[in-house]
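Peer 1: Please find one structure pasted underneath; my questions will follow.
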Amino acid sequence: MDIFSNVTLGLEVALEPTNLLYCFLGVFLGMLVGVVPGVGVLSAIALLFPLTFALEPTTALIMLAGIWYGTGYGGRTASILLNIPGSPANAITCLDGYPMAQQGRAGVALFMTTMASFIGGCIGIVVLMFFAPVIATYALSFGSAEYFSLMLLGLIAASSVSEGSAIKGLAMVMVGIILGMVGADMYTGTPRFVFGHMELMDHISLTALAMGLFGVSEMIASVRNVSVASAKKAPDVSFKAMKPTTDDVRRSWLPVLRGSSIGTFFGTLPGTGVSVASFMAYAIEKRVAKEPSRFGKGAIEGIMAPESADNAAEQTSFIPTLGLGIPGSASMALMLGALMVHGIAPGPSLINDQPQLFWGLVMSFWIGNVILVFLNVPLIGLWVRMLTIPYRLLYPAVLVFICIGVYSVNNSAFEVSLVILFGLLGYTLRVLDFPIAPVLLGFVLGPLMEEHFRRALLISRGDFMTFVERPISGAVLAITVLVLGWLLLSATRKALQARAA
Amino acid sequence: MLSRNVKDLISGGLLLIFGASVTLYALANYPVGTPGRMGPGMFPVMVGCLTIALGLALTVYAWFQSGEMPKFRILTPVVLSLAVAAFALLIRPLGLIPAVVATIVISSIAEHDFRPVSLVGLCVVLSILVWLIFKVGLGLPISLFNWPF
């Protein structure tokens, strides 16, 4: 099939009334979640995860994805108006967005970043449309050894490169893999680590794990800690105040293009994701600027580049997820989880076997981005008011939705009690400065890795050289070794600097 | 500041204990097999050993670093856990609405200052929302009220 018939097929699927409705719902919720600080995108996706069991897989994915890229549009609202990032990826937007708001240019900043997000998103989708099928075709010849090596690289890169201590990130992957082992062994059926709980034979519920690790632990850390916007003076967000000057537009278009390219690139890599993309975009913009001193004082380039990078990365992160079946971040792992619940095996054959799913999803991205532009601008006034809802009223509501959400999956009170366990685990990890997202990544990828590891060695009759001798697998492992070496080097250098200081 | 990175020492210690228990439990209970024909114990033992190694590395690094004591909240996690536990215990015998109200009331203790009016308001509004979303909208097979006796 050529690209045009694919696009037509995708549009047909995406324009079905149900899919359109859930696309709208997803992006709306995503924007909402992005606006409100203290509710992360992962918690939001986890929260709505059980709802998707009742839906068609395509519809489910359209909604979850909508939440994911919708936050990219909502997140900067709080950054610009309150100097509080709505989500981590938008932290960098505070630097120049908040000064713009103080200069009375909040409306311009919000309007222009909406445009930046839209352009970034569009570029990301175009790249996704052309590259995901190519990569998938190439990956069809992969065997178990290649898959194991790719997942190993993905896990190591995702857990160690992004933020904080690499050792701690890797340790969290291990914890995730171990949690993923609980239940019946896939080859022999032996129950592993169930400790007499027959409910665990069918493995730990992804919903309970995600809700506990992210939702509840976030709440434990946020209660009495989230500062509420006191909305002293409502910023001027009328349409008139949003009109950018010609100078604004002239200054913006190059940063948007640069930001989108950076976002497109970093989005495809495992582990770097949206936060790294927006930080990089800001750093590069500052470096190429003729007057770097304007940055931090309300330079429009400083909000346009990161916001476009953010949205471009959100779209291209679907390339490895849908093209290879290897998620680069915890949110993407949840997307794959939603597919697996519906009995769809993620992998390179997905695009060929389920064209209506892949192309429907991709075309829904276009629709979702257009909806977001039209929703975001008129609703800015509403978002400003949303920011004044006290967390005191918000968190009991979120907790109730977590409980019902987990319960509704299997009508199991046992799974609700697992949320307590994982909530406490997540909070402990948070306090000890462990990154939590790698746990989820390890949990989803662990069973797949074990399956491919065992199968590859079964085929090679126990010869470990199979991972090195097969060219693609060997090359991927070589990259993995390089990444590990670089990590070791930078960690040692940091430790030495700390000693010297 | 402390002369050792206590946070990471605790982290490393916990990882060591966790990795060791997984490894030993797997060795004791599941056949390991051979590389060509792996048993259910092989992968857990491998991952457990890696966890031990990472825990050791973290502990060694932490020994030579300075750091702060981790600050744990005690009341908030207990209260929120109790709120979830109340839901798990009440959902079957009493039904959805009592479980929701119990969760809201217990979880609101975490906020420290008691505001009866907004609490009652929240219970009423959320009960209606839950009914609208989960019963009317999604039609989940969960009963709103049960009488256990």
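Please note that chains go A, B, ... in the order of the structure tokens, that every chain numbers its residues from 1, and that ligands are numbered from 1 in the order shown.
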Might you pull out every residue within 7 Å of Asn5 in chain B, with only C-alpha atoms counted and same-chain residues fewer than 6 positions away left off, and present them as an MDAnalysis selection string?
Peer 2: chainID B and resid 62:63 65:68
Peer 1: Could you tell me which residues of chain A sit within 8 Å of chain B when counting only C-alpha atoms, and give me the result as a ChimeraX atom specification?
Peer 2: /A:167-168,170-171,174-175,177-178,181,185,187-188,190,192,216,220,223-224,392-393,396-397,399-400,403,408,413-414,416-417,419-420,423-424,428,431-432,450,454,457-463,498-499
Peer 1: Report the distance between CA of Leu322 in chain A and CA of Gly189 in chain A in Å, rounded to one decimal place.
Peer 2: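 Result for CA of Leu322 in chain A versus CA of Gly189 in chain A: 29.3 Å, one decimal.
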Peer 1: Can you list, as a PyMOL selection string, all residues belonging to range 117-290 of chain A that DSSP tags as strand (DSSP E or B)?
Peer 2: chain A and resi 183-184+191-192
Peer 1: Please give the complete set of residues from range 97-170 of chain A that DSSP, run on the backbone, assigns to alpha helix (DSSP H), formatted as an MDAnalysis selection string.
Peer 2: chainID A and resid 97:102 106:139 144:160 166:170
Peer 1: When distances are computed from only C-alpha atoms, which of A:Gly347, A:Ile389, A:Thr480, A:Ile300 shows the smallest separation from Ser141 in chain A?
Peer 2: A:Gly347
Peer 1: Taking only residues of range 325-428 of chain A that have an atom at most 8 Å from an atom of range 54-59 of chain A, what is each one's shortest atom pair and its distance in Å to one decimal, using only C-alpha atoms, in chain and number order, as a Markdown table?
Peer 2:
| residue | atom | partner | partner_atom | distance |
| --- | --- | --- | --- | --- |
| A:Ala338 | CA | A:Pro57 | CA | 7.5 |
| A:Leu339 | CA | A:Pro57 | CA | 6.3 |
| A:His342 | CA | A:Pro57 | CA | 6.3 |
| A:Gln356 | CA | A:Thr58 | CA | 7.9 |
| A:Leu357 | CA | A:Thr58 | CA | 5.2 |
| A:Gly360 | CA | A:Thr58 | CA | 7.3 |
| A:Leu361 | CA | A:Thr58 | CA | 6.8 |
Peer 1: Could you tell me how far CA of Gly72 in chain A lies from CA of Lys243 in chain A, in Å and to one decimal?
Peer 2: 21.6 Å
Peer 1: One number please: CA of Phe28 in chain A to CA of Ala78 in chain A, in Å, one decimal.
Peer 2: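 Answer for the CA of Phe28 in chain A to CA of Ala78 in chain A separation: 16.2 Å.
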